[in-house]
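Student: My questions all concern the structure below.
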Amino acid sequence: MDYISTRGQDGPLGFEQALLSGLARDGGLYLPVEWPRFSKAEIAAMKGLSYAELAGRIMAPFCDGEISEAELTAMAADAYAGFDDPAIAPLVKLNDDIHILELFHGPTIAFKDYAMQFLARAFDRALAKQQKHAVILGATSGDTGSAALEAFQGRDAVDVFILFPDGRVSPVQQRQMTSVTADGAFAVSVKGDFDDCQALVKTLFNDHQFRDQVGLSAVNSINWARLMPQIVYYFSSALALGAPDQKVAFSVPTGNFGNVFAGYAAVQMGLPVERLIVASNQNDILPRFFEAGTMARETVVPSLSPSMDIQVSSNFERLLFELLGRDGAKTAAVMQDFAASGHFTLDADVMERAYALFSAYRLDDAGTVAEIATTAKNDGMVLDPHSAVGLSAARRAHADGTVPKDVPIISLACAHPAKFESAVETATGQKPVLPPHMADLMTRPEKMQTIDANADAVKSLVLARKRSG
Ligand SMILES: *Cc1c(COP(=O)(O)O)cnc(C)c1O
């Protein structure tokens with residue numbers, strides 16, 4: 001499979017190259033040159049596969065000519081061996097209409113593990129083949145960083161540096177990062193906010209000399225190989241409810257638009273999906289876009305669901321490229337306009353294409369606390385704040401007829417409630433308990449560096465501490 005950039009000036013290139021470079025050199029994001037498509041019979045034949053086998057089947061066309069289905073299945077089996085539920089991504093019935101897809105059974109108890117654990121193995125394989133060393137540099141508001149440090153620790157071919165905003169991640173999130181003490185794993189506290197961290201990463205990626213010198217790689221959700229493993233649980237959960245004969249809808253707590261774009265990919269691959277529901281917190285740039293056709297940047301307001309506190313959803317560019325008929329020049333023009341002015345508006349015919357599949361809902365913090373409380377009381381299920389934002393959107397989509405009642409909604413539960421214990425305690429009056437494999441987390445030894453929000457400081461740290469290459 002060949003990959004091209006959403007801005008039309010990079011590629012085609014193979015899966016491994018797209019994997020290792022992450023962000024395209026023209027500033028765009030990689031996408032497969034065409035969507036692989038499964039027939040109804042082929043989807044029906046997926047029933048009964050184990051999660052790892054299904055992962056191999058779904059990912060094989062994206063790696064065609066480079067990694068075989070059997071090898072992908074083996075990589076997935078290894079990646080998910082440590083997950084604490086044999087179903088890997090279990091689907092739990094909430095009521096007759098809504099099912100909860102639990103995506104918190106990996107080592108850092110948020111859905112990022114599903115992609116990151118696979119990605120680490122894919123990196124290992126590619127770097128070993130090319131006899132190369134890579135430096136992974138990423139910014140995190142919490143969940144991505146812990147998943148990356150956890151997945152890449154102890155891998156000789158990779159050093160991983162994760163920048164997080166000083167004092168602005170939850171105590172559990174911070175300890176998940178700083179308790180990874182292996183060589184080559186660096187949790188870096190930056191004196192600034194998340195946007196500063198992200199800007200630093202961007203600056204260093206645009207420094208092509210430095211980028212080539214250290215073999216810089218990205219593992220945030222702009223990396224195509226982060227999205228690819230996420231397509232699998234859209235298939236596994238829909239199959240569990242009777243796909244391809246039964247249509248389903250998905251409600252997806254959304255920040256950078258990576259997870260919901262994996263759902264979009266599943267639809268392009270032939271999965272019958274009635275609707276994809278984009279669920280946002282009070283940082284509602286996406287619901288405003290889906291209402292009016294205008295994307296307009298505002299300042300971020302911190303919320304109880306911090307992993308969705310975004311100004312700009314970086315993966316939205318992939319959907320934009322699709323909506324614009326895969327025209328790289330047009331996509332580049334819209335993105336440049338957006339960077340310069342902070343807004344763009346799409347034509348009505350383009351928005352029609354978006355409305356055909358997507359709906360969006362927002363929920364503020366008060367609503368989030370209320371949703372956690374009601375669901376705990378009435379349904380006996382304790383959700384984290386992100387998952388509650390998604391479930392509230394699912395309930396409203398059925399209530400207002402956006403999704404017909406006879407189409408079940410699969411609502412994604414993106415983190416374990418104990419990862420965001422204070423919001424959950426506020427709502428339910430009870431502190432959620434960490435799963436057994438993490439019970440001692442808060443007393444584990446820590447390793448961490450603190451630096452100023454300055455690109456030269458990051459550069460010096462990387463050059464001084466990276467192990468080889
Ligand atoms: C990352 C994350 C999200 C947002 O997902 P995107 O792919 O960025 O849209 C939502 N909830 C949790 C718990 C997360 O960690």
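By order in the structure tokens, chains are A, B, ...; within a chain, residues start at 1; ligands start at 1, following the order shown.
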May I have the residues within 7 Å of ligand 1, computed using only C-alpha atoms and all ligand atoms, as a list of chain:residue names?

Tutor: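 Answer in the requested format: A:Ala110, A:Phe111, A:Lys112, A:Asp143, A:Thr144, A:Ser221, A:Pro253, A:Thr254, A:Gly255, A:Asn256, A:Phe257, A:Gly258, A:Asn259, A:Val260, A:Ser307, A:Met308, A:His386, A:Ser387, A:Cys414, A:Ala415.
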
Student: Using 6 Å as the limit and counting only C-alpha atoms, can you tabulate each residue of range 292-400 of chain A that touches range 6-20 of chain A, with its shortest atom-to-atom distance in Å and the two atoms involved, as a tab-separated table?

Tutor:
residue	atom	partner	partner_atom	distance
A:Phe321	CA	A:Thr6	CA	5.8
A:Gly328	CA	A:Gly8	CA	4.1
A:Ala329	CA	A:Arg7	CA	5.9
A:Thr331	CA	A:Arg7	CA	5.9
A:Ala332	CA	A:Arg7	CA	4.9

Student: Quick one: residues within 12 Å of range 41-54 of chain A, only C-alpha atoms counted, chain neighbours fewer than 3 positions away excluded, as a PyMOL selection string?

Tutor: chain A and resi 37-38+57-60+69-81+83+85-90+114+118+229-246+266-267+269-272

Student: So that I can check the surroundings of Ser217 in chain A, please list as an mmCIF file with C-alpha atoms, in the first residue's frame every protein, DNA and RNA residue that reaches within 10 Å of it, counting only C-alpha atoms and ignoring chain neighbours fewer than 3 positions away.

Tutor:
data_model
loop_
_atom_site.group_PDB
_atom_site.id
_atom_site.type_symbol
_atom_site.label_atom_id
_atom_site.label_comp_id
_atom_site.auth_asym_id
_atom_site.auth_seq_id
_atom_site.Cartn_x
_atom_site.Cartn_y
_atom_site.Cartn_z
ATOM 1 C CA LEU A 19 5.396 4.929 10.025
ATOM 2 C CA LEU A 20 8.902 6.206 10.752
ATOM 3 C CA SER A 21 8.413 9.781 9.557
ATOM 4 C CA GLY A 22 4.975 10.390 11.085
ATOM 5 C CA LEU A 23 4.338 13.864 9.722
ATOM 6 C CA PHE A 123 8.857 0.595 15.088
ATOM 7 C CA ALA A 134 15.112 6.723 16.289
ATOM 8 C CA VAL A 135 14.239 9.480 18.734
ATOM 9 C CA ILE A 136 10.569 9.810 19.481
ATOM 10 C CA LEU A 137 9.546 13.265 20.568
ATOM 11 C CA GLY A 138 6.013 13.989 21.641
ATOM 12 C CA VAL A 158 14.344 3.962 20.298
ATOM 13 C CA VAL A 160 11.500 8.474 23.784
ATOM 14 C CA PHE A 205 10.180 18.693 13.509
ATOM 15 C CA ARG A 211 15.216 15.970 12.479
ATOM 16 C CA ASP A 212 17.560 13.988 10.209
ATOM 17 C CA VAL A 214 18.703 12.349 15.448
ATOM 18 C CA ASN A 220 1.106 11.353 18.350
ATOM 19 C CA ASN A 223 1.089 9.160 12.727
#

Student: How many Å lie between CA of Asp96 in chain A and CA of Ser305 in chain A, rounded to one decimal?

Tutor: 26.9 Å

Student: Show me, as a PyMOL selection string, the residues that have an atom within 8 Å of Arg297 in chain A when counting only C-alpha atoms, minus same-chain residues fewer than 3 positions from it.

Tutor: chain A and resi 285+311-312+342-343

Student: How would you write, as number ranges by chain, the set of residues in range 324-367 of chain A that DSSP gives as strand (DSSP E)?

Tutor: A: 343-345, 358-362

Student: Apply DSSP to the structure's backbone, then extract all residues of range 224-275 of chain A labelled helix (DSSP H, G or I) and return them as a list in words.

Tutor: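 Checking each residue of range 224-275 of chain A, the helix (DSSP H, G or I) ones are Trp224, Ala225, Arg226, Leu227, Met228, Pro229, Gln230, Ile231, Val232, Tyr233, Tyr234, Phe235, Ser236, Ser237, Ala238, Leu239, Ala240, Gly258, Asn259, Val260, Phe261, Ala262, Gly263, Tyr264, Ala265, Ala266, Val267 and Gln268 of chain A.
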
Student: For each of A:Phe316, A:Phe344, A:Phe161, A:Phe261, take the minimum atom-to-atom distance to Ala296 in chain A, counting only C-alpha atoms, then give the residue where this is smallest.

Tutor: A:Phe344

Student: As an exercise, work out the distance from CA of Ala376 in chain A to CA of Ala418 in chain A in Å and give it to one decimal place.

Tutor: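 Pair CA of Ala376 in chain A / CA of Ala418 in chain A returns 14.2 Å.
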
Student: Per residue of range 307-372 of chain A within 12 Å of range 424-440 of chain A, note the shortest atom pair and the distance in Å to one decimal, counting only C-alpha atoms, and order the rows by chain and increasing residue number, as CSV.

Tutor:
residue,atom,partner,partner_atom,distance
A:Asp365,CA,A:Ala427,CA,10.7
A:Ala366,CA,A:Ala427,CA,9.6
A:Gly367,CA,A:Ala427,CA,10.4
A:Thr368,CA,A:Ala427,CA,8.7
A:Val369,CA,A:Ala427,CA,5.1
A:Ala370,CA,A:Ala427,CA,6.8
A:Glu371,CA,A:Ala427,CA,8.4
A:Ile372,CA,A:Ala427,CA,6.1

Student: Could you take the residues named above and write them with N, CA and C atoms, as a compact mmCIF listing (two decimals), in the first residue's frame?

Tutor:
# COMPACT_ATOMS: atom_id res chain seq x y z
N ASP A 365 -18.92 20.89 31.88
CA ASP A 365 -18.48 20.15 33.07
C ASP A 365 -19.65 19.76 33.98
N ALA A 366 -20.62 20.68 34.14
CA ALA A 366 -21.77 20.36 35.00
C ALA A 366 -22.53 19.17 34.43
N GLY A 367 -22.71 19.18 33.11
CA GLY A 367 -23.38 18.07 32.45
C GLY A 367 -22.60 16.78 32.59
N THR A 368 -21.27 16.89 32.55
CA THR A 368 -20.41 15.71 32.67
C THR A 368 -20.56 15.07 34.04
N VAL A 369 -20.52 15.90 35.09
CA VAL A 369 -20.69 15.39 36.45
C VAL A 369 -22.07 14.75 36.60
N ALA A 370 -23.09 15.41 36.03
CA ALA A 370 -24.45 14.87 36.12
C ALA A 370 -24.55 13.53 35.40
N GLU A 371 -23.92 13.41 34.24
CA GLU A 371 -23.97 12.15 33.48
C GLU A 371 -23.28 11.02 34.25
N ILE A 372 -22.12 11.32 34.84
CA ILE A 372 -21.42 10.29 35.63
C ILE A 372 -22.33 9.84 36.78

Student: Using only C-alpha atoms, which of the listed residues (A:Ala333, A:Phe338, A:Lys466, A:Arg275) sits closest to Asp156 in chain A?

Tutor: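 Using only C-alpha atoms, the shortest distance to Asp156 in chain A belongs to A:Lys466.
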
Student: Have a look at A:Ser251, A:Thr108, A:Gln130, A:Ser141 and name the one nearest to Val180 in chain A; count only C-alpha atoms.

Tutor: A:Thr108
